Structure formats: C-alpha cells, structure tokens
Amino acid sequence: MSIPIRIDPSRDILGLIDVQPTFMPGGELPVPEGDAVLPVIEQLLAGPLGHAFATQDWHPPGHLSFASSHPGRRPFESVMLPYGPQTLWPDHALQESHGAAIHPRVAQARIEAIIRKGFRREIDSYSAFFENDRKTPTGLDGWLRSRGFSRLFLAGLATDFCVAYSAEDAARLGYEVFVIEDACRGIGLPLEDGRTTLDASRERLLGLGVHFIASGDIG
Ligand code: VGL
Ligand code: ZN
C-alpha cells in the first residue's frame with residue numbers, strides 16, 4: 001500500500017497523452033491493450049484532478065515518421081533524419097481522420113487545452129513539450145506555467161514513446177511528474193541490448209525522479 005497522493009487543484013493537472021483511436025486495437029498503430037486506458041481515464045476525469053490538458057498526434061500525409069515516406073523501409077525500422085535517429089511507423093494519426101480524434105469515450109469537460117503535435121512534415125514529435133529535434137517547443141510549457149501548474153499526472157499512449165518523452169521533458173523543465181501506470185499502455189519495441197523500449201524508458205524516467213503511481217493512489 002502506498003500513501004495516498006493528495007491533490008491540490010491549484011497546481012495539479014492531468015495530462016492525457018494521445019488518447020486517440022489510431023493507437024488502439026483496430027487503429028492504424030495499435031498499442032497492445034491501448035483501449036484498456038479508457039475506463040481508467042474515465043474514472044480519473046471524475047476524480048479529484050479537476051484540470052486536464054490533452055495532446056493529439058496530428059500528422060499530415062507523407063509525414064517523415066511514416067515508413068511509407070521512405071521507399072524500401074518498413075515500420076519499426078529506424079532511419080537517420082537531420083535531428084537524429086527516427087523510428088518509422090505505419091501511417092497513423094492523420095489530421096482530421098476519425099483515428100486522430102480524442103477518443104469519444106473521453107469526457108472533455110475538464111480538458112482546458114489541447115496541444116497538437118507532429119504536424120510538420122519533416123519532424124516527428126513524441127513529447128508534449130518539444131518536437132523530436134528536442135528544441136522546437138509546442139507551447140505547452142508556457143501554458144502550464146502561466147496557469148500555475150507545477151505537478152503533472154500523465155496518462156495515455158504510448159507509455160514508452162509519447163508518455164515517456166513528455167514525462168522526461170516535463171521533469172527536465174522542473175515539473176514534478178507522476179506517470180499513472182494503469183492509465184497507460186506501451187508498445188515495447190526490442191532494443192539491441194535485449195531490453196525493450198518499455199524497460200529503457202522506465203529506467204530513464206526513474207533516474208530523472210519521475211514517480212510511477214497507480215490511479216488508486218490518488219486520494
Ligand atoms: C506515438 C509513435 C508514433 C505515441 C506517436 O503516441 O506514443 N508513438 N507517434
Ligand atoms: Zn505519430
């Protein structure tokens with residue numbers, strides 16, 4: 001049993017990362033059990049966290065993170081782009097498609113800002129804060145700061161990509177970060193050292209002081 005985390009609505013906010021059908025079973029880039037986050041997020045949005053923001057992966061056709069934009073390459077391979085290595089994905093999260101909408105089971109009443117990312121053809125964006133060049137800001141940091149939020153509770157997809165990159169950037173920007181593990185699901189790509197992207201991201205985040213909690217810890 002862990003100690004319940006008391007929510008302070010003046011500084012705490014729930015961040016819903018890429019809760020989009022494109023990342024769920026039946027979607028273009030399905031995360032295993034991706035839809036299992038929905039009932040947990042439903043509960044969170046009815047609980048003590050009164051404020052929320054959401055991100056949407058929002059790609060144009062021909063986006064450079066799509067394997068289809070690199071002749072001869074397949075999804076989940078890696079290519080070198082000007083900003084560094086980039087994993088290639090099936091075409092997903094196409095702007096204005098049904099798959100790119102915030103999932104209709106997400107109650108949006110408490111969602112006070114929606115940040116779209118990955119809309120520049122030449123650059124991918126996993127993090128809610130910076131694109132994959134690690135420099136181009138999305139504007140979320142300014143919005144959170146000017147609203148006075150300092151503790152972020154993150155949920156969504158995928159644990160080892162967009163949630164992990166968002167948590168890492170948030171921790172580096174000085175926020176206290178809580179990843180709500182049962183409200184996230186991951187992809188788990190194999191790495192050369194025998195670990196998976198899930199193992200590696202967890203280790204990296206623990207090293208940055210990110211807390212891993214369960215939705216039931218929020219009291
Ligand atoms: C994501 C891969 C590509 C994510 C987005 O939401 O984690 N992963 N685009
Ligand atoms: Zn994407």
# chains A, B, ... in the order shown; residues from 1 in each chain; ligands from 1

$ select_by_dssp --residues "chain A" --states "strand (DSSP E)" --output "PyMOL selection string"
chain A and resi 12-17+52-57+78-81+84-87+111-117+151-157+176-185+211-213

$ residues_near_ligand --ligand "ligand 1" --cutoff "10 Å" --atoms "only C-alpha atoms and all ligand atoms" --output "short mmCIF file (atom, residue, chain, number, x, y, z; two decimals) with N, CA and C atoms, in the first residue's frame"
data_model
loop_
_atom_site.label_atom_id
_atom_site.label_comp_id
_atom_site.auth_asym_id
_atom_site.auth_seq_id
_atom_site.Cartn_x
_atom_site.Cartn_y
_atom_site.Cartn_z
N ILE A 17 -2.23 11.94 -22.83
CA ILE A 17 -1.32 11.91 -23.97
C ILE A 17 -1.87 10.97 -25.06
N ASP A 18 -2.20 11.53 -26.19
CA ASP A 18 -2.54 10.76 -27.40
C ASP A 18 -3.57 9.66 -27.15
N VAL A 19 -4.66 10.01 -26.49
CA VAL A 19 -5.74 9.04 -26.27
C VAL A 19 -6.63 9.07 -27.51
N GLN A 20 -6.13 8.44 -28.56
CA GLN A 20 -6.71 8.53 -29.89
C GLN A 20 -6.94 7.11 -30.44
N THR A 22 -6.47 5.84 -33.22
CA THR A 22 -5.38 5.36 -34.09
C THR A 22 -4.38 4.51 -33.32
N PHE A 23 -4.26 4.70 -31.99
CA PHE A 23 -3.32 3.93 -31.16
C PHE A 23 -4.00 2.78 -30.40
N LEU A 29 -2.01 2.25 -35.73
CA LEU A 29 -0.78 1.92 -34.98
C LEU A 29 -1.21 1.43 -33.60
N PRO A 30 -1.83 0.24 -33.57
CA PRO A 30 -2.43 -0.21 -32.31
C PRO A 30 -1.39 -0.54 -31.25
N VAL A 31 -1.56 0.04 -30.09
CA VAL A 31 -0.75 -0.29 -28.92
C VAL A 31 -1.47 -1.47 -28.26
N THR A 55 -3.12 15.90 -25.45
CA THR A 55 -2.35 16.07 -26.69
C THR A 55 -2.98 15.19 -27.76
N GLN A 56 -2.77 15.60 -28.99
CA GLN A 56 -3.19 14.83 -30.15
C GLN A 56 -2.02 14.72 -31.10
N ASP A 57 -1.64 13.49 -31.45
CA ASP A 57 -0.71 13.26 -32.54
C ASP A 57 -1.47 13.65 -33.81
N TRP A 58 -0.84 14.44 -34.70
CA TRP A 58 -1.62 15.13 -35.74
C TRP A 58 -0.76 15.28 -36.99
N HIS A 59 -0.69 14.20 -37.76
CA HIS A 59 0.26 14.16 -38.88
C HIS A 59 -0.38 14.46 -40.23
N SER A 65 7.81 10.47 -40.37
CA SER A 65 7.85 9.34 -39.42
C SER A 65 7.13 8.12 -39.99
N PHE A 66 6.53 8.26 -41.18
CA PHE A 66 5.82 7.14 -41.79
C PHE A 66 6.81 6.32 -42.61
N PHE A 76 8.77 0.24 -37.91
CA PHE A 76 9.55 -0.14 -36.73
C PHE A 76 11.05 -0.22 -37.01
N GLN A 86 15.28 8.18 -36.14
CA GLN A 86 13.82 8.25 -36.06
C GLN A 86 13.25 6.87 -36.34
N THR A 87 12.44 6.36 -35.42
CA THR A 87 11.72 5.10 -35.66
C THR A 87 10.64 5.35 -36.70
N LEU A 88 10.46 4.41 -37.61
CA LEU A 88 9.42 4.54 -38.63
C LEU A 88 8.17 3.80 -38.19
N TRP A 89 7.01 4.38 -38.52
CA TRP A 89 5.73 3.87 -38.06
C TRP A 89 4.81 3.64 -39.26
N PRO A 90 3.79 2.80 -39.09
CA PRO A 90 2.75 2.78 -40.11
C PRO A 90 2.09 4.17 -40.16
N ASP A 91 1.50 4.53 -41.30
CA ASP A 91 0.76 5.80 -41.37
C ASP A 91 -0.28 5.82 -40.24
N HIS A 92 -0.33 6.90 -39.48
CA HIS A 92 -1.25 6.96 -38.34
C HIS A 92 -1.57 8.40 -38.01
N ALA A 93 -2.58 8.61 -37.20
CA ALA A 93 -2.94 9.93 -36.66
C ALA A 93 -3.04 10.99 -37.76
N LYS A 117 0.53 17.96 -32.11
CA LYS A 117 1.98 17.84 -32.34
C LYS A 117 2.22 16.89 -33.50
N GLY A 118 3.38 17.08 -34.14
CA GLY A 118 3.72 16.22 -35.27
C GLY A 118 3.10 16.69 -36.57
N ASP A 124 9.16 14.68 -36.43
CA ASP A 124 8.19 13.99 -35.58
C ASP A 124 8.17 14.67 -34.22
N SER A 125 7.16 14.36 -33.43
CA SER A 125 7.04 14.95 -32.10
C SER A 125 6.40 13.93 -31.19
N TYR A 126 7.21 13.32 -30.32
CA TYR A 126 6.65 12.39 -29.33
C TYR A 126 6.20 13.17 -28.10
N SER A 127 7.04 14.12 -27.68
CA SER A 127 6.81 14.83 -26.42
C SER A 127 5.72 15.89 -26.57
N ALA A 128 4.99 16.09 -25.49
CA ALA A 128 4.01 17.17 -25.45
C ALA A 128 4.68 18.54 -25.40
N GLY A 156 -2.11 7.80 -20.74
CA GLY A 156 -2.34 7.71 -22.18
C GLY A 156 -1.40 6.76 -22.89
N LEU A 157 -1.10 7.09 -24.16
CA LEU A 157 -0.39 6.19 -25.07
C LEU A 157 0.73 6.95 -25.78
N ALA A 158 1.80 6.33 -26.08
CA ALA A 158 2.19 5.03 -25.57
C ALA A 158 3.18 5.25 -24.43
N THR A 159 3.13 4.40 -23.42
CA THR A 159 3.97 4.57 -22.23
C THR A 159 5.42 4.84 -22.59
N ASP A 160 5.94 4.09 -23.57
CA ASP A 160 7.37 4.14 -23.87
C ASP A 160 7.72 5.15 -24.96
N PHE A 161 6.74 5.82 -25.55
CA PHE A 161 7.05 6.85 -26.53
C PHE A 161 6.48 8.20 -26.08
N CYS A 162 5.28 8.52 -26.47
CA CYS A 162 4.81 9.88 -26.19
C CYS A 162 4.67 10.17 -24.71
N VAL A 163 4.23 9.20 -23.91
CA VAL A 163 4.14 9.45 -22.47
C VAL A 163 5.55 9.62 -21.89
N ALA A 164 6.47 8.74 -22.27
CA ALA A 164 7.82 8.80 -21.70
C ALA A 164 8.55 10.08 -22.11
N TYR A 165 8.47 10.46 -23.38
CA TYR A 165 9.16 11.69 -23.81
C TYR A 165 8.55 12.92 -23.15
N SER A 166 7.23 12.89 -22.96
CA SER A 166 6.57 14.02 -22.28
C SER A 166 7.01 14.09 -20.83
N ARG A 185 -0.58 2.44 -21.64
CA ARG A 185 -0.14 1.17 -22.24
C ARG A 185 0.99 1.49 -23.20
N GLY A 186 1.92 0.49 -23.36
CA GLY A 186 3.12 0.74 -24.16
C GLY A 186 3.24 -0.17 -25.37
N ILE A 187 4.23 0.16 -26.20
CA ILE A 187 4.48 -0.58 -27.44
C ILE A 187 5.51 -1.69 -27.19
#

$ residues_around --residues "stretch 36-52 of chain A" --least-positions-apart "6" --cutoff "10 Å" --atoms "only C-alpha atoms" --output "MDAnalysis selection string"
chainID A and resid 6:16 19 24:25 103:114 149 152:157 180:185 214:216 218:219

$ closest_residue --among "A:Gly84, A:Gly99, A:Pro71, A:Pro32" --to "ligand 2" --atoms "only C-alpha atoms and all ligand atoms"
A:Gly99

$ select_by_dssp --residues "stretch 83-152 of chain A" --states "helix (DSSP H, G or I)" --output "count of residues only"
11

$ residues_around --residues "A:Leu189" --least-positions-apart "5" --cutoff "8 Å" --atoms "only C-alpha atoms" --output "PyMOL selection string"
chain A and resi 76+196-198

$ write_last_selection --atoms "N, CA, C and O atoms" --output "PDB file, in the first residue's frame"
ATOM      1  N   PHE A  76       8.767   0.236 -37.913  1.00  0.00           N
ATOM      2  CA  PHE A  76       9.552  -0.145 -36.728  1.00  0.00           C
ATOM      3  C   PHE A  76      11.052  -0.219 -37.006  1.00  0.00           C
ATOM      4  O   PHE A  76      11.826  -0.449 -36.088  1.00  0.00           O
ATOM      5  N   THR A 196      13.614  -3.822 -23.740  1.00  0.00           N
ATOM      6  CA  THR A 196      12.616  -3.253 -24.642  1.00  0.00           C
ATOM      7  C   THR A 196      12.555  -1.746 -24.382  1.00  0.00           C
ATOM      8  O   THR A 196      13.072  -1.251 -23.372  1.00  0.00           O
ATOM      9  N   THR A 197      11.867  -1.045 -25.295  1.00  0.00           N
ATOM     10  CA  THR A 197      11.698   0.403 -25.094  1.00  0.00           C
ATOM     11  C   THR A 197      10.935   0.683 -23.803  1.00  0.00           C
ATOM     12  O   THR A 197      11.116   1.736 -23.204  1.00  0.00           O
ATOM     13  N   LEU A 198      10.115  -0.283 -23.354  1.00  0.00           N
ATOM     14  CA  LEU A 198       9.410  -0.088 -22.075  1.00  0.00           C
ATOM     15  C   LEU A 198      10.385  -0.107 -20.897  1.00  0.00           C
ATOM     16  O   LEU A 198      10.331   0.760 -20.026  1.00  0.00           O
TER      17      LEU A 198
END

$ residues_around --residues "A:Arg134" --least-positions-apart "3" --cutoff "9 Å" --atoms "only C-alpha atoms" --output "list in words"
Tyr83, Ser125, Ser127, Phe129, Phe130, Glu131, Pro137 and Asp169 of chain A

$ write_last_selection --atoms "N, CA, C and O atoms" --output "compact mmCIF listing (two decimals), in the first residue's frame"
# COMPACT_ATOMS: atom_id res chain seq x y z
N TYR A 83 17.75 15.51 -37.45
CA TYR A 83 17.79 15.71 -36.00
C TYR A 83 18.19 14.45 -35.23
O TYR A 83 18.23 14.47 -34.01
N SER A 125 7.16 14.36 -33.43
CA SER A 125 7.04 14.95 -32.10
C SER A 125 6.40 13.93 -31.19
O SER A 125 5.22 13.67 -31.27
N SER A 127 7.04 14.12 -27.68
CA SER A 127 6.81 14.83 -26.42
C SER A 127 5.72 15.89 -26.57
O SER A 127 5.58 16.52 -27.61
N PHE A 129 5.99 18.58 -25.13
CA PHE A 129 6.69 19.85 -24.91
C PHE A 129 7.58 20.28 -26.07
O PHE A 129 7.63 21.46 -26.41
N PHE A 130 8.33 19.34 -26.64
CA PHE A 130 9.26 19.66 -27.72
C PHE A 130 9.14 18.63 -28.82
O PHE A 130 8.87 17.45 -28.56
N GLU A 131 9.40 19.04 -30.05
CA GLU A 131 9.43 18.10 -31.15
C GLU A 131 10.72 17.27 -31.05
O GLU A 131 11.55 17.50 -30.17
N PRO A 137 9.53 24.15 -29.53
CA PRO A 137 8.53 23.99 -28.48
C PRO A 137 7.11 23.87 -29.03
O PRO A 137 6.81 24.42 -30.09
N ASP A 169 10.71 15.39 -20.63
CA ASP A 169 10.83 16.83 -20.84
C ASP A 169 10.25 17.60 -19.66
O ASP A 169 10.81 18.60 -19.22

$ closest_residue --among "A:Ile3, A:Leu81, A:Ala100, A:Val179" --to "ligand 2" --atoms "only C-alpha atoms and all ligand atoms"
A:Ala100

$ closest_residue --among "A:Trp143, A:Phe119, A:Phe178, A:Phe53" --to "ligand 2" --atoms "only C-alpha atoms and all ligand atoms"
A:Phe119

$ atom_distance --atom1 "atom CA of A:Glu176" --atom2 "atom CA of A:Leu208"
10.1 Å

$ residues_around --residues "A:Gly174" --least-positions-apart "2" --cutoff "12 Å" --atoms "only C-alpha atoms" --output "list in words"
Asp141, Leu144, Arg145, Phe149, Ser150, Arg151, Leu152, Ala167, Glu168, Asp169, Ala170, Ala171, Arg172, Glu176, Val177, Leu208, Gly209 and Val210 of chain A

$ write_last_selection --atoms "all heavy atoms" --output "compact mmCIF listing (two decimals), in the first residue's frame"
# COMPACT_ATOMS: atom_id res chain seq x y z
N ASP A 141 4.58 24.27 -22.27
CA ASP A 141 5.28 24.73 -21.05
C ASP A 141 4.78 26.13 -20.65
O ASP A 141 4.47 26.37 -19.48
CB ASP A 141 6.79 24.72 -21.30
CG ASP A 141 7.58 25.17 -20.08
OD1 ASP A 141 7.23 24.78 -18.95
OD2 ASP A 141 8.57 25.91 -20.27
N LEU A 144 1.16 25.88 -19.23
CA LEU A 144 1.12 25.31 -17.88
C LEU A 144 1.65 26.32 -16.85
O LEU A 144 1.07 26.52 -15.80
CB LEU A 144 1.95 24.02 -17.81
CG LEU A 144 1.38 22.81 -18.55
CD1 LEU A 144 2.42 21.71 -18.63
CD2 LEU A 144 0.10 22.31 -17.87
N ARG A 145 2.78 26.93 -17.19
CA ARG A 145 3.39 27.89 -16.25
C ARG A 145 2.49 29.07 -15.99
O ARG A 145 2.31 29.49 -14.85
CB ARG A 145 4.71 28.41 -16.82
CG ARG A 145 5.88 27.65 -16.30
CD ARG A 145 7.18 28.12 -16.94
NE ARG A 145 7.97 26.94 -17.24
CZ ARG A 145 8.64 26.27 -16.31
NH1 ARG A 145 8.69 26.68 -15.07
NH2 ARG A 145 9.31 25.18 -16.64
N PHE A 149 0.42 25.63 -12.95
CA PHE A 149 0.51 24.19 -12.67
C PHE A 149 1.97 23.76 -12.51
O PHE A 149 2.83 24.17 -13.27
CB PHE A 149 -0.13 23.39 -13.80
CG PHE A 149 -1.61 23.63 -13.93
CD1 PHE A 149 -2.14 24.23 -15.07
CD2 PHE A 149 -2.47 23.28 -12.90
CE1 PHE A 149 -3.51 24.47 -15.18
CE2 PHE A 149 -3.84 23.51 -13.01
CZ PHE A 149 -4.36 24.11 -14.15
N SER A 150 2.24 22.96 -11.48
CA SER A 150 3.61 22.51 -11.26
C SER A 150 3.72 21.00 -11.09
O SER A 150 4.82 20.46 -11.08
CB SER A 150 4.20 23.21 -10.04
OG SER A 150 3.40 22.96 -8.90
N ARG A 151 2.59 20.31 -10.93
CA ARG A 151 2.64 18.85 -10.83
C ARG A 151 1.77 18.25 -11.92
O ARG A 151 0.58 18.59 -12.05
CB ARG A 151 2.14 18.37 -9.46
CG ARG A 151 2.98 18.87 -8.31
CD ARG A 151 2.87 17.96 -7.10
NE ARG A 151 1.50 17.72 -6.68
CZ ARG A 151 1.20 16.94 -5.63
NH1 ARG A 151 2.15 16.36 -4.92
NH2 ARG A 151 -0.08 16.75 -5.30
N LEU A 152 2.37 17.37 -12.71
CA LEU A 152 1.68 16.77 -13.85
C LEU A 152 1.43 15.29 -13.58
O LEU A 152 2.35 14.56 -13.19
CB LEU A 152 2.53 16.88 -15.12
CG LEU A 152 3.05 18.26 -15.51
CD1 LEU A 152 3.69 18.18 -16.89
CD2 LEU A 152 1.92 19.28 -15.51
N ALA A 167 7.06 12.94 -20.17
CA ALA A 167 7.47 12.90 -18.76
C ALA A 167 8.91 13.37 -18.61
O ALA A 167 9.24 14.14 -17.68
CB ALA A 167 7.31 11.48 -18.21
N GLU A 168 9.77 12.93 -19.52
CA GLU A 168 11.18 13.32 -19.44
C GLU A 168 11.34 14.83 -19.61
O GLU A 168 12.02 15.48 -18.81
CB GLU A 168 11.97 12.58 -20.52
CG GLU A 168 13.41 13.03 -20.60
CD GLU A 168 14.30 12.16 -21.49
OE1 GLU A 168 13.84 11.10 -21.97
OE2 GLU A 168 15.46 12.56 -21.69
N ASP A 169 10.71 15.39 -20.63
CA ASP A 169 10.83 16.83 -20.84
C ASP A 169 10.25 17.60 -19.66
O ASP A 169 10.81 18.60 -19.22
CB ASP A 169 10.15 17.25 -22.14
CG ASP A 169 10.96 16.87 -23.38
OD1 ASP A 169 12.17 16.58 -23.23
OD2 ASP A 169 10.39 16.87 -24.48
N ALA A 170 9.12 17.13 -19.15
CA ALA A 170 8.48 17.82 -18.01
C ALA A 170 9.42 17.82 -16.81
O ALA A 170 9.60 18.85 -16.14
CB ALA A 170 7.16 17.15 -17.66
N ALA A 171 10.04 16.68 -16.53
CA ALA A 171 10.96 16.60 -15.39
C ALA A 171 12.13 17.55 -15.61
O ALA A 171 12.53 18.29 -14.70
CB ALA A 171 11.44 15.16 -15.21
N ARG A 172 12.68 17.57 -16.82
CA ARG A 172 13.80 18.47 -17.11
C ARG A 172 13.40 19.94 -17.02
O ARG A 172 14.23 20.80 -16.71
CB ARG A 172 14.36 18.20 -18.52
CG ARG A 172 15.08 16.87 -18.63
CD ARG A 172 15.82 16.77 -19.96
NE ARG A 172 16.22 15.41 -20.27
CZ ARG A 172 17.25 14.79 -19.70
NH1 ARG A 172 18.00 15.42 -18.81
NH2 ARG A 172 17.54 13.55 -20.02
N GLU A 176 7.09 18.44 -11.24
CA GLU A 176 7.05 17.14 -10.58
C GLU A 176 6.11 16.27 -11.40
O GLU A 176 4.98 16.68 -11.72
CB GLU A 176 6.56 17.29 -9.13
CG GLU A 176 6.72 15.99 -8.37
CD GLU A 176 6.51 16.15 -6.87
OE1 GLU A 176 6.16 17.25 -6.40
OE2 GLU A 176 6.71 15.13 -6.16
N VAL A 177 6.58 15.08 -11.76
CA VAL A 177 5.85 14.27 -12.73
C VAL A 177 5.45 12.92 -12.13
O VAL A 177 6.28 12.22 -11.54
CB VAL A 177 6.70 14.04 -13.99
CG1 VAL A 177 5.90 13.29 -15.05
CG2 VAL A 177 7.21 15.36 -14.55
N LEU A 208 15.34 10.27 -13.52
CA LEU A 208 15.02 11.71 -13.53
C LEU A 208 14.08 12.09 -12.39
O LEU A 208 13.62 13.23 -12.30
CB LEU A 208 14.36 12.09 -14.86
CG LEU A 208 15.29 12.10 -16.07
CD1 LEU A 208 14.48 12.10 -17.37
CD2 LEU A 208 16.20 13.33 -16.03
N GLY A 209 13.75 11.10 -11.55
CA GLY A 209 12.89 11.41 -10.40
C GLY A 209 11.41 11.39 -10.70
O GLY A 209 10.60 11.87 -9.89
N VAL A 210 11.04 10.82 -11.85
CA VAL A 210 9.61 10.70 -12.17
C VAL A 210 9.00 9.61 -11.29
O VAL A 210 9.61 8.57 -11.07
CB VAL A 210 9.44 10.35 -13.67
CG1 VAL A 210 8.01 9.98 -14.00
CG2 VAL A 210 9.92 11.52 -14.53

$ closest_residue --among "A:Ala101, A:Leu191, A:Ile115, A:Tyr175" --to "A:Gly148" --atoms "only C-alpha atoms"
A:Tyr175

$ closest_residue --among "A:Ala54, A:Leu173, A:Leu140, A:Leu64" --to "A:Val79" --atoms "only C-alpha atoms"
A:Leu64
